[in-house]
>>> print(open('protein28.txt').read())   # compact mmCIF, C-alpha atoms and all ligand atoms
# COMPACT_ATOMS: atom_id res chain seq x y z
CA ILE A 1 -8.63 10.60 -0.76
CA ARG A 2 -10.44 13.90 -0.84
CA ASP A 3 -11.28 13.59 2.86
CA CYS A 4 -7.64 12.87 3.68
CA MET A 5 -6.55 15.97 1.85
CA ARG A 6 -9.29 18.32 2.95
CA GLY A 7 -7.92 21.31 4.78
CA ARG A 8 -4.46 19.93 4.84
CA ILE A 9 -2.85 20.86 1.57
CA TYR A 10 -2.55 24.11 -0.22
CA PRO A 11 -1.25 23.25 -3.67
CA ALA A 12 -1.20 26.82 -4.86
CA GLU A 13 1.40 27.72 -2.26
CA GLY A 14 3.09 24.34 -2.34
CA LYS A 15 2.50 23.78 1.35
CA VAL A 16 1.52 20.59 3.12
CA GLN A 17 0.14 20.67 6.64
CA LEU A 18 -0.64 17.52 8.55
CA GLY A 19 -2.61 17.60 11.76
CA GLY A 20 -0.49 17.67 14.92
CA ILE A 21 2.59 16.53 13.04
CA LYS A 22 3.44 20.10 12.08
CA GLU A 23 4.32 20.72 15.74
CA PHE A 24 7.27 18.40 15.19
CA ALA A 25 8.53 20.26 12.13
CA GLU A 26 11.88 21.12 13.73
CA LYS A 27 12.47 17.53 14.82
CA LEU A 28 11.67 16.26 11.34
CA LYS A 29 14.43 18.45 9.90
CA ASN A 30 17.05 16.56 11.90
CA ILE A 31 15.89 12.96 12.22
CA ASP A 32 18.20 10.15 11.15
CA ARG A 33 15.62 7.41 10.80
CA ILE A 34 11.93 6.55 10.74
CA ILE A 35 10.55 3.19 11.87
CA ILE A 36 7.10 2.25 10.57
CA VAL A 37 5.19 -0.37 12.59
CA ALA A 38 1.93 -1.99 11.47
CA CYS A 39 0.20 -5.29 10.70
CA GLY A 40 -1.47 -6.78 7.61
CA THR A 41 -2.70 -4.33 5.01
CA SER A 42 -1.48 -1.41 7.12
CA TRP A 43 2.03 -2.90 6.92
CA HIS A 44 1.78 -2.87 3.13
CA ALA A 45 0.78 0.79 3.26
CA GLY A 46 3.91 1.26 5.40
CA LEU A 47 6.06 -0.22 2.64
CA VAL A 48 4.61 2.32 0.21
CA GLY A 49 5.43 4.98 2.83
CA GLU A 50 9.03 3.76 2.95
CA TYR A 51 9.33 4.08 -0.81
CA LEU A 52 7.88 7.62 -0.81
CA ILE A 53 9.71 8.98 2.28
CA GLU A 54 13.08 7.68 1.06
CA GLU A 55 12.42 8.91 -2.48
CA TYR A 56 11.31 12.43 -1.58
CA ALA A 57 12.55 13.23 1.95
CA ARG A 58 15.73 11.10 1.78
CA ILE A 59 15.22 9.86 5.36
CA PRO A 60 16.08 6.17 5.95
CA VAL A 61 12.97 4.14 6.78
CA GLU A 62 12.54 0.69 8.32
CA VAL A 63 9.19 -1.04 8.05
CA GLU A 64 8.52 -3.57 10.79
CA TYR A 65 5.75 -6.06 11.42
CA ALA A 66 4.54 -4.87 14.84
CA SER A 67 3.77 -8.49 15.76
CA GLU A 68 7.48 -9.33 15.45
CA PHE A 69 9.03 -6.02 16.49
CA ARG A 70 7.33 -6.04 19.90
CA TYR A 71 8.93 -9.34 20.89
CA ARG A 72 12.55 -8.63 20.01
CA ASN A 73 14.92 -6.09 21.47
CA PRO A 74 15.21 -3.51 18.67
CA ILE A 75 17.56 -0.54 18.87
CA ILE A 76 15.40 2.56 19.35
CA THR A 77 16.61 5.95 20.55
CA GLU A 78 14.99 9.27 21.38
CA LYS A 79 16.15 10.50 17.97
CA ASP A 80 13.81 8.04 16.22
CA VAL A 81 10.36 8.77 14.89
CA VAL A 82 8.02 5.77 14.87
CA ILE A 83 4.96 5.88 12.61
CA ALA A 84 2.23 3.44 13.69
CA ILE A 85 -0.36 2.67 11.02
CA SER A 86 -3.66 1.03 11.93
CA GLN A 87 -7.13 1.15 10.42
CA SER A 88 -8.91 0.16 13.64
CA GLY A 89 -6.49 1.88 16.00
CA GLU A 90 -6.92 -1.13 18.31
CA THR A 91 -4.48 -3.75 17.01
CA ALA A 92 -2.75 -5.19 20.09
CA ASP A 93 0.60 -5.87 18.38
CA THR A 94 0.82 -2.31 17.06
CA MET A 95 -0.13 -0.92 20.48
CA ALA A 96 2.59 -3.00 22.17
CA ALA A 97 5.20 -1.88 19.61
CA ILE A 98 4.29 1.77 20.27
CA GLU A 99 4.49 1.35 24.06
CA MET A 100 7.95 -0.17 23.75
CA ALA A 101 9.24 2.57 21.41
CA LYS A 102 7.74 5.24 23.63
CA GLU A 103 9.51 3.84 26.69
CA LYS A 104 12.80 4.14 24.80
CA GLY A 105 12.10 7.80 24.10
CA ALA A 106 11.01 7.73 20.44
CA THR A 107 8.47 10.21 19.07
CA ILE A 108 5.35 8.38 17.92
CA PHE A 109 3.08 9.45 15.07
CA GLY A 110 -0.13 7.63 14.30
CA VAL A 111 -2.02 7.08 11.05
CA CYS A 112 -5.42 5.76 12.12
CA ASN A 113 -8.91 5.64 10.79
CA VAL A 114 -11.07 5.34 13.90
CA VAL A 115 -11.21 8.67 15.68
CA GLY A 116 -10.49 8.41 19.41
CA ALA A 117 -9.33 4.76 19.20
CA SER A 118 -6.63 3.47 21.57
CA ILE A 119 -3.64 4.00 19.25
CA PRO A 120 -4.26 7.70 18.51
CA ARG A 121 -4.59 8.22 22.25
CA ILE A 122 -1.06 6.98 22.97
CA THR A 123 0.75 8.71 20.09
CA HIS A 124 2.42 12.13 20.31
CA ALA A 125 0.79 13.36 17.11
CA GLY A 126 -0.94 11.92 14.12
CA VAL A 127 -3.31 12.04 11.21
CA TYR A 128 -6.75 10.50 10.92
CA THR A 129 -7.39 8.94 7.53
CA HIS A 130 -11.13 9.75 7.46
CA ALA A 131 -11.88 6.73 5.26
CA GLY A 132 -15.22 6.16 6.97
CA PRO A 133 -16.17 2.88 8.65
CA GLU A 134 -14.71 -0.25 7.05
CA ILE A 135 -17.71 -2.57 6.90
CA GLY A 136 -15.82 -5.62 5.68
CA VAL A 137 -13.04 -7.23 7.67
CA ALA A 138 -10.46 -6.91 4.89
CA SER A 139 -9.08 -3.38 4.60
CA THR A 140 -9.68 -1.73 1.23
CA LYS A 141 -10.54 1.96 1.34
CA ALA A 142 -8.48 2.27 4.54
CA PHE A 143 -5.42 1.20 2.52
CA THR A 144 -6.06 3.90 -0.09
CA ALA A 145 -6.49 6.49 2.65
CA GLN A 146 -3.38 5.35 4.55
CA VAL A 147 -1.30 5.58 1.38
CA THR A 148 -2.70 9.07 0.70
CA VAL A 149 -1.73 10.26 4.18
CA LEU A 150 1.72 8.68 3.91
CA THR A 151 2.18 10.37 0.53
CA LEU A 152 1.37 13.72 2.14
CA MET A 153 3.69 12.91 5.06
CA ALA A 154 6.52 12.13 2.63
CA PHE A 155 5.93 15.46 0.86
CA TYR A 156 5.75 17.30 4.18
CA MET A 157 9.02 15.78 5.39
CA ALA A 158 10.64 16.57 2.05
CA GLN A 159 9.52 20.16 2.47
CA GLN A 160 10.96 20.31 6.02
CA LYS A 161 14.24 18.73 4.95
CA GLY A 162 14.49 20.89 1.84
CA THR A 163 14.87 17.85 -0.40
CA ILE A 164 12.13 18.93 -2.82
CA VAL A 165 11.88 22.16 -4.79
CA ASN A 166 8.67 24.06 -4.45
CA SER A 167 7.72 23.81 -8.11
CA LYS A 168 8.00 19.99 -7.98
CA LEU A 169 5.91 19.91 -4.81
CA VAL A 170 3.19 22.03 -6.42
CA GLU A 171 3.26 19.75 -9.46
CA LEU A 172 2.86 16.61 -7.30
CA LEU A 173 0.10 18.08 -5.13
CA THR A 174 -1.78 19.23 -8.21
CA GLU A 175 -1.52 15.73 -9.63
CA LEU A 176 -2.65 14.18 -6.33
CA ASP A 177 -5.73 16.34 -6.57
CA CYS A 178 -6.64 14.55 -9.84
CA ILE A 179 -6.17 11.02 -8.44
CA PRO A 180 -9.83 10.63 -7.26
CA GLU A 181 -11.03 11.12 -10.88
CA LYS A 182 -8.43 8.67 -12.10
CA ILE A 183 -9.58 6.09 -9.54
CA HIS A 184 -13.12 6.64 -10.73
CA HIS A 185 -11.90 5.91 -14.23
CA ALA A 186 -10.00 2.80 -13.05
CA LEU A 187 -13.25 1.48 -11.55
CA GLU A 188 -14.78 1.45 -15.04
CA SER A 189 -12.82 -1.78 -15.69
CA ASN A 190 -15.10 -3.56 -13.23
CA GLU A 191 -17.00 -5.63 -15.84
CA GLN A 192 -13.81 -6.67 -17.60
CA ILE A 193 -12.28 -7.69 -14.25
CA LYS A 194 -15.38 -9.76 -13.49
CA THR A 195 -14.88 -11.65 -16.78
CA ILE A 196 -11.24 -12.29 -15.89
CA ALA A 197 -12.31 -13.44 -12.40
CA GLU A 198 -14.56 -16.09 -13.98
CA LYS A 199 -11.52 -17.63 -15.68
CA PHE A 200 -9.51 -17.81 -12.43
CA LYS A 201 -12.14 -18.62 -9.85
CA ASP A 202 -10.98 -22.23 -9.57
CA SER A 203 -7.26 -21.47 -9.35
CA ARG A 204 -5.44 -23.03 -6.43
CA ASN A 205 -2.49 -20.63 -6.40
CA CYS A 206 -1.64 -17.20 -7.69
CA LEU A 207 1.54 -15.14 -7.81
CA PHE A 208 1.63 -11.32 -7.69
CA LEU A 209 4.78 -9.53 -8.87
CA GLY A 210 5.81 -5.88 -8.92
CA ARG A 211 8.89 -3.66 -8.64
CA GLY A 212 9.52 -0.43 -6.74
CA SER A 213 6.28 0.84 -5.25
CA GLY A 214 4.57 -1.87 -7.32
CA PHE A 215 6.01 -4.47 -4.90
CA PRO A 216 3.81 -3.52 -1.90
CA VAL A 217 0.89 -3.37 -4.34
CA ALA A 218 1.69 -6.98 -5.32
CA LEU A 219 1.78 -7.97 -1.63
CA GLU A 220 -1.55 -6.29 -1.02
CA GLY A 221 -3.11 -7.94 -4.10
CA ALA A 222 -1.99 -11.34 -2.81
CA LEU A 223 -3.25 -10.65 0.72
CA LYS A 224 -6.70 -9.58 -0.51
CA LEU A 225 -7.02 -12.75 -2.59
CA LYS A 226 -5.98 -14.93 0.37
CA GLU A 227 -8.19 -13.13 2.87
CA ILE A 228 -11.46 -13.17 0.97
CA SER A 229 -11.27 -16.03 -1.56
CA TYR A 230 -9.01 -18.49 0.34
CA ILE A 231 -6.83 -19.00 -2.73
CA HIS A 232 -3.17 -19.41 -1.84
CA ALA A 233 -1.41 -16.30 -3.16
CA GLU A 234 2.08 -14.87 -2.79
CA GLY A 235 3.39 -11.41 -3.52
CA TYR A 236 7.04 -11.02 -4.47
CA PRO A 237 9.35 -8.36 -5.84
CA ALA A 238 9.44 -9.29 -9.55
CA ALA A 239 13.24 -9.41 -9.45
CA GLU A 240 13.12 -12.09 -6.74
CA MET A 241 11.17 -14.45 -9.01
CA LYS A 242 14.35 -16.03 -10.33
CA HIS A 243 15.50 -16.75 -6.76
CA GLY A 244 12.74 -19.24 -6.06
CA PRO A 245 9.13 -18.65 -7.14
CA ILE A 246 10.02 -19.27 -10.80
CA ALA A 247 10.05 -22.98 -9.93
CA LEU A 248 6.28 -22.78 -9.39
CA ILE A 249 5.42 -21.47 -12.83
CA ASP A 250 3.54 -23.69 -15.25
CA GLU A 251 0.31 -23.43 -17.29
CA GLU A 252 -1.72 -23.73 -14.07
CA MET A 253 -0.16 -20.67 -12.42
CA PRO A 254 -1.77 -17.26 -12.92
CA VAL A 255 0.80 -14.49 -12.43
CA VAL A 256 -0.45 -10.97 -11.83
CA PHE A 257 2.08 -8.30 -12.82
CA ILE A 258 2.08 -4.62 -11.90
CA ALA A 259 3.40 -3.58 -15.32
CA THR A 260 2.64 0.13 -15.51
CA LYS A 261 4.84 2.61 -17.39
CA ASN A 262 7.36 3.76 -14.81
CA SER A 263 11.07 3.46 -14.12
CA SER A 264 10.97 -0.35 -13.90
CA TYR A 265 8.76 -0.94 -16.95
CA GLU A 266 11.45 -2.52 -19.17
CA LYS A 267 12.59 -4.84 -16.38
CA VAL A 268 9.01 -5.94 -15.68
CA ILE A 269 8.61 -6.73 -19.38
CA SER A 270 11.55 -9.10 -19.20
CA ASN A 271 10.01 -10.75 -16.10
CA ILE A 272 6.79 -11.24 -18.07
CA GLN A 273 8.78 -12.87 -20.87
CA GLU A 274 10.33 -15.26 -18.33
CA VAL A 275 6.87 -16.29 -17.12
CA LYS A 276 5.50 -16.69 -20.65
CA ALA A 277 8.52 -18.82 -21.61
CA ARG A 278 7.40 -21.23 -18.85
CA LYS A 279 3.77 -21.21 -20.02
CA GLY A 280 2.52 -19.16 -17.05
CA VAL A 281 -0.72 -17.23 -17.50
CA VAL A 282 -0.14 -13.47 -17.20
CA ILE A 283 -2.66 -10.91 -15.99
CA ALA A 284 -1.07 -7.47 -16.22
CA ILE A 285 -2.06 -4.13 -14.73
CA VAL A 286 -0.92 -1.71 -17.43
CA THR A 287 -0.97 2.00 -18.16
CA GLU A 288 -3.78 3.09 -20.45
CA GLY A 289 -2.67 2.88 -24.09
CA ASP A 290 0.12 0.37 -23.41
CA THR A 291 1.01 -1.77 -26.41
CA ASP A 292 4.18 -3.67 -25.41
CA VAL A 293 2.80 -5.64 -22.46
CA LYS A 294 -0.42 -6.26 -24.38
CA LYS A 295 1.53 -8.26 -26.95
CA MET A 296 2.71 -10.68 -24.26
CA ALA A 297 0.14 -10.83 -21.47
CA ASP A 298 -2.95 -13.05 -21.60
CA TYR A 299 -5.11 -10.39 -19.94
CA CYS A 300 -4.46 -6.67 -19.45
CA ILE A 301 -6.32 -4.31 -17.14
CA GLU A 302 -5.67 -0.64 -17.84
CA ILE A 303 -5.28 2.10 -15.26
CA PRO A 304 -4.79 5.81 -16.03
CA ASP A 305 -1.27 7.17 -16.43
CA ALA A 306 0.20 8.83 -13.33
CA SER A 307 3.53 9.65 -11.72
CA GLU A 308 5.24 6.75 -10.00
CA ALA A 309 4.45 8.32 -6.59
CA PHE A 310 0.74 7.69 -7.16
CA LEU A 311 0.97 4.27 -8.75
CA PRO A 312 -0.01 2.35 -5.55
CA LEU A 313 -3.22 4.38 -5.23
CA LEU A 314 -4.33 3.42 -8.73
CA ALA A 315 -2.88 -0.07 -9.23
CA THR A 316 -4.42 -1.48 -6.03
CA ILE A 317 -7.98 -0.82 -7.22
CA PRO A 318 -8.15 -3.51 -9.97
CA LEU A 319 -6.50 -6.02 -7.62
CA GLN A 320 -9.12 -5.38 -4.95
CA LEU A 321 -11.84 -5.84 -7.59
CA LEU A 322 -10.26 -9.03 -8.90
CA SER A 323 -10.19 -10.57 -5.40
CA TYR A 324 -13.73 -9.37 -4.75
CA HIS A 325 -15.17 -10.96 -7.92
CA ILE A 326 -13.24 -14.22 -7.48
CA ALA A 327 -14.46 -14.46 -3.87
CA VAL A 328 -18.10 -13.78 -4.84
CA LEU A 329 -17.91 -16.35 -7.66
CA ARG A 330 -16.56 -18.92 -5.18
CA GLY A 331 -19.47 -18.22 -2.86
CA CYS A 332 -17.31 -16.68 -0.12
CA ASN A 333 -18.57 -14.07 2.31
CA VAL A 334 -16.41 -11.11 1.30
CA ASP A 335 -17.35 -9.04 4.34
CA GLN A 336 -16.82 -11.71 6.99
CA PRO A 337 -14.04 -14.04 5.85
CA ARG A 338 -13.57 -17.11 8.01
CA ASN A 339 -11.07 -16.91 10.88
CA LEU A 340 -10.45 -13.15 10.49
CA ALA A 341 -11.33 -10.41 12.96
CA LYS A 342 -11.70 -6.75 12.19
CA SER A 343 -9.55 -5.71 15.14
CA VAL A 344 -6.98 -8.18 16.39
CA THR A 345 -6.91 -7.13 20.03
CA VAL A 346 -5.07 -10.07 21.57
C1 LIG B 401 -4.54 -4.89 10.74
C2 LIG B 401 -5.14 -6.10 10.05
C3 LIG B 401 -5.90 -5.72 8.76
C4 LIG B 401 -6.61 -6.95 8.18
C5 LIG B 401 -7.54 -7.59 9.21
C6 LIG B 401 -6.78 -7.90 10.48
O1 LIG B 401 -5.55 -4.06 11.24
O2 LIG B 401 -4.11 -7.00 9.74
O3 LIG B 401 -5.02 -5.19 7.81
O4 LIG B 401 -7.37 -6.57 7.02
O5 LIG B 401 -8.60 -6.73 9.48
O6 LIG B 401 -6.05 -6.73 10.95
P1 LIG B 401 -5.36 -2.53 11.58
O7 LIG B 401 -4.26 -2.42 12.61
O8 LIG B 401 -5.00 -1.81 10.33
O9 LIG B 401 -6.69 -2.15 12.14
>>> encode(input="protein28.txt", output="structure tokens", more="lines below")
Ligand code: F1P
Amino acid sequence: IRDCMRGRIYPAEGKVQLGGIKEFAEKLKNIDRIIIVACGTSWHAGLVGEYLIEEYARIPVEVEYASEFRYRNPIITEKDVVIAISQSGETADTMAAIEMAKEKGATIFGVCNVVGASIPRITHAGVYTHAGPEIGVASTKAFTAQVTVLTLMAFYMAQQKGTIVNSKLVELLTELDCIPEKIHHALESNEQIKTIAEKFKDSRNCLFLGRGSGFPVALEGALKLKEISYIHAEGYPAAEMKHGPIALIDEEMPVVFIATKNSSYEKVISNIQEVKARKGVVIAIVTEGDTDVKKMADYCIEIPDASEAFLPLLATIPLQLLSYHIAVLRGCNVDQPRNLAKSVTV
């Protein structure tokens, strides 16, 4: 996170500057729509980006799986800005989606980790995430870095559009500066998470539920568990549970809730009650000092309090650790999961 922010933000003045993107400042003031294209974990980061850009910059955002987008005939105009997110910068589907959007005249921004990779070379401007090399196949620190960059992009666009007052921007940037310490603190739950992992290492299924920006976190938690432990897992918006997944809940079904104290807290509590009423086992990610969820959930993992904008950065950490410990306990190779490639170039 620190590397993403270095040299790019000036909290004291309430200014955000982002690589080559600042050359498009005028365009950003007048755009009608942003399309985010990505695959896998990067797509989940894109969903967080949608939440933040719409919340702060009030620009409509569509988030598309590049692997699907490239094969249909989407409406793209020269007024559109497309943001391509990719850790490797080599994902073939994301490359193809960019080429198509570029042909139709859109402006393309990239959010990539690997400096000089193919994707940054075909974008008009972009930001490197500087997360360092991802040794394992499954993206972890790249996700955190992508979300950090997208957070800064959302703030930058809000500044250009005039949808955020300077004092609020300074407040948010100052808080973002404290997130690395808070993540450090969140990592202190490692031993507790390992104990929880022991209880669930033989699970066959797992559901992850969240609301607002907690929804992409739930998707990412489910993907990490699938990718490295081969346990079937699904992420859903918690409010969608009653439209289908509720049928799956019984005493064999662990349900991981993102239940931190934010605008959807009360609603998440009622979703937890629905699961408990059906004898589901609840593991909840809660804000430090929470008492209400603790009365209902079977297991609670605390993360430090933070504004809703920064919730994905913090709440993803315990989910990554949970998947990691479950995978290790099941004897899986967490760095080289079967059937997965680091860069999907075909
Ligand atoms: C996209 C992605 C990763 C996933 C795996 C396969 O890669 O789906 O999120 O963990 O490595 O590829 P990228 O475009 O972000 O490099």
>>> residues_near_ligand(input="protein28.txt", ligand="ligand LIG 401 (chain B)", cutoff="6 Å", atoms="all atoms listed in the file", output="JSON, numbers by chain")
{"A": [39, 40, 41, 42, 86, 87, 88, 89, 91, 137, 138, 139, 341, 342, 343, 344]}
>>> closest_residue(input="protein28.txt", among="A:Met253, A:Ala233, A:Leu150, A:Ala218", to="Gly126 in chain A", atoms="only C-alpha atoms")
A:Leu150
>>> atom_distance(input="protein28.txt", atom1="CA of Gly20 in chain A", atom2="CA of Ala125 in chain A")
5.0 Å
>>> atom_distance(input="protein28.txt", atom1="CA of Ile21 in chain A", atom2="CA of Gln146 in chain A")
15.3 Å
>>> axis_aligned_box(input="protein28.txt", around="range 40-58 of chain A", padding_each_side="4 Å", output="AutoDock Vina command-line options")
--center_x 6.5 --center_y 3.2 --center_z 2.6 --size_x 26.4 --size_y 28.0 --size_z 18.1
>>> residues_around(input="protein28.txt", residues="Ile34 in chain A", least_positions_apart="5", cutoff="7 Å", atoms="all atoms listed in the file", output="ChimeraX atom specification")
/A:60-62,80-82
>>> residues_around(input="protein28.txt", residues="range 283-288 of chain A", least_positions_apart="3", cutoff="7 Å", atoms="only C-alpha atoms", output="list in words")
Val255, Val256, Phe257, Ile258, Ala259, Thr260, Lys261, Ala297, Asp298, Tyr299, Cys300, Ile301, Glu302, Ile303, Pro304, Asp305 and Ala315 of chain A
>>> write_last_selection(input="protein28.txt", atoms="C-alpha atoms", output="PDB file, in the coordinates of the input")
ATOM      1  CA  VAL A 255       0.800 -14.490 -12.430  1.00  0.00           C
ATOM      2  CA  VAL A 256      -0.450 -10.970 -11.830  1.00  0.00           C
ATOM      3  CA  PHE A 257       2.080  -8.300 -12.820  1.00  0.00           C
ATOM      4  CA  ILE A 258       2.080  -4.620 -11.900  1.00  0.00           C
ATOM      5  CA  ALA A 259       3.400  -3.580 -15.320  1.00  0.00           C
ATOM      6  CA  THR A 260       2.640   0.130 -15.510  1.00  0.00           C
ATOM      7  CA  LYS A 261       4.840   2.610 -17.390  1.00  0.00           C
ATOM      8  CA  ALA A 297       0.140 -10.830 -21.470  1.00  0.00           C
ATOM      9  CA  ASP A 298      -2.950 -13.050 -21.600  1.00  0.00           C
ATOM     10  CA  TYR A 299      -5.110 -10.390 -19.940  1.00  0.00           C
ATOM     11  CA  CYS A 300      -4.460  -6.670 -19.450  1.00  0.00           C
ATOM     12  CA  ILE A 301      -6.320  -4.310 -17.140  1.00  0.00           C
ATOM     13  CA  GLU A 302      -5.670  -0.640 -17.840  1.00  0.00           C
ATOM     14  CA  ILE A 303      -5.280   2.100 -15.260  1.00  0.00           C
ATOM     15  CA  PRO A 304      -4.790   5.810 -16.030  1.00  0.00           C
ATOM     16  CA  ASP A 305      -1.270   7.170 -16.430  1.00  0.00           C
ATOM     17  CA  ALA A 315      -2.880  -0.070  -9.230  1.00  0.00           C
TER      18      ALA A 315
END
>>> residues_around(input="protein28.txt", residues="range 332-334 of chain A", least_positions_apart="2", cutoff="9 Å", atoms="only C-alpha atoms", output="list in words")
Gly136, Val137, Ala138, Glu227, Ile228, Ser229, Tyr230, Tyr324, Ile326, Ala327, Val328, Leu329, Arg330, Gln336, Pro337 and Arg338 of chain A
>>> decode(input="protein28.txt", residues="range 107-122 of chain A", atoms="N, CA and C atoms", output="PDB file, in the first residue's frame")
ATOM      1  N   THR A 107     -10.788   5.593 -24.349  1.00  0.00           N
ATOM      2  CA  THR A 107      -9.501   5.860 -23.695  1.00  0.00           C
ATOM      3  C   THR A 107      -9.251   4.732 -22.704  1.00  0.00           C
ATOM      4  N   ILE A 108      -8.047   4.178 -22.745  1.00  0.00           N
ATOM      5  CA  ILE A 108      -7.765   2.991 -21.916  1.00  0.00           C
ATOM      6  C   ILE A 108      -6.742   3.326 -20.828  1.00  0.00           C
ATOM      7  N   PHE A 109      -7.134   3.057 -19.585  1.00  0.00           N
ATOM      8  CA  PHE A 109      -6.188   3.157 -18.467  1.00  0.00           C
ATOM      9  C   PHE A 109      -5.852   1.740 -18.010  1.00  0.00           C
ATOM     10  N   GLY A 110      -4.644   1.559 -17.545  1.00  0.00           N
ATOM     11  CA  GLY A 110      -4.258   0.249 -17.024  1.00  0.00           C
ATOM     12  C   GLY A 110      -3.914   0.317 -15.545  1.00  0.00           C
ATOM     13  N   VAL A 111      -4.201  -0.767 -14.833  1.00  0.00           N
ATOM     14  CA  VAL A 111      -3.734  -0.925 -13.448  1.00  0.00           C
ATOM     15  C   VAL A 111      -3.020  -2.271 -13.441  1.00  0.00           C
ATOM     16  N   CYS A 112      -1.701  -2.230 -13.520  1.00  0.00           N
ATOM     17  CA  CYS A 112      -0.925  -3.468 -13.670  1.00  0.00           C
ATOM     18  C   CYS A 112       0.208  -3.520 -12.667  1.00  0.00           C
ATOM     19  N   ASN A 113       0.644  -4.746 -12.417  1.00  0.00           N
ATOM     20  CA  ASN A 113       1.723  -4.905 -11.449  1.00  0.00           C
ATOM     21  C   ASN A 113       3.084  -5.039 -12.126  1.00  0.00           C
ATOM     22  N   VAL A 114       3.110  -5.772 -13.246  1.00  0.00           N
ATOM     23  CA  VAL A 114       4.406  -6.069 -13.863  1.00  0.00           C
ATOM     24  C   VAL A 114       4.795  -4.933 -14.813  1.00  0.00           C
ATOM     25  N   VAL A 115       5.841  -4.240 -14.439  1.00  0.00           N
ATOM     26  CA  VAL A 115       6.296  -3.081 -15.218  1.00  0.00           C
ATOM     27  C   VAL A 115       6.741  -3.529 -16.616  1.00  0.00           C
ATOM     28  N   GLY A 116       6.238  -2.825 -17.634  1.00  0.00           N
ATOM     29  CA  GLY A 116       6.634  -3.117 -19.013  1.00  0.00           C
ATOM     30  C   GLY A 116       5.925  -4.321 -19.616  1.00  0.00           C
ATOM     31  N   ALA A 117       4.933  -4.882 -18.922  1.00  0.00           N
ATOM     32  CA  ALA A 117       4.192  -6.034 -19.468  1.00  0.00           C
ATOM     33  C   ALA A 117       3.358  -5.584 -20.672  1.00  0.00           C
ATOM     34  N   SER A 118       2.723  -6.542 -21.352  1.00  0.00           N
ATOM     35  CA  SER A 118       2.011  -6.226 -22.601  1.00  0.00           C
ATOM     36  C   SER A 118       0.856  -5.243 -22.387  1.00  0.00           C
ATOM     37  N   ILE A 119       0.073  -5.418 -21.338  1.00  0.00           N
ATOM     38  CA  ILE A 119      -1.096  -4.543 -21.148  1.00  0.00           C
ATOM     39  C   ILE A 119      -0.686  -3.077 -20.953  1.00  0.00           C
ATOM     40  N   PRO A 120       0.246  -2.776 -20.045  1.00  0.00           N
ATOM     41  CA  PRO A 120       0.621  -1.355 -19.918  1.00  0.00           C
ATOM     42  C   PRO A 120       1.111  -0.753 -21.232  1.00  0.00           C
ATOM     43  N   ARG A 121       1.652  -1.606 -22.102  1.00  0.00           N
ATOM     44  CA  ARG A 121       2.188  -1.067 -23.360  1.00  0.00           C
ATOM     45  C   ARG A 121       1.092  -0.682 -24.349  1.00  0.00           C
ATOM     46  N   ILE A 122      -0.131  -1.234 -24.163  1.00  0.00           N
ATOM     47  CA  ILE A 122      -1.186  -0.871 -25.128  1.00  0.00           C
ATOM     48  C   ILE A 122      -2.234   0.068 -24.525  1.00  0.00           C
TER      49      ILE A 122
END
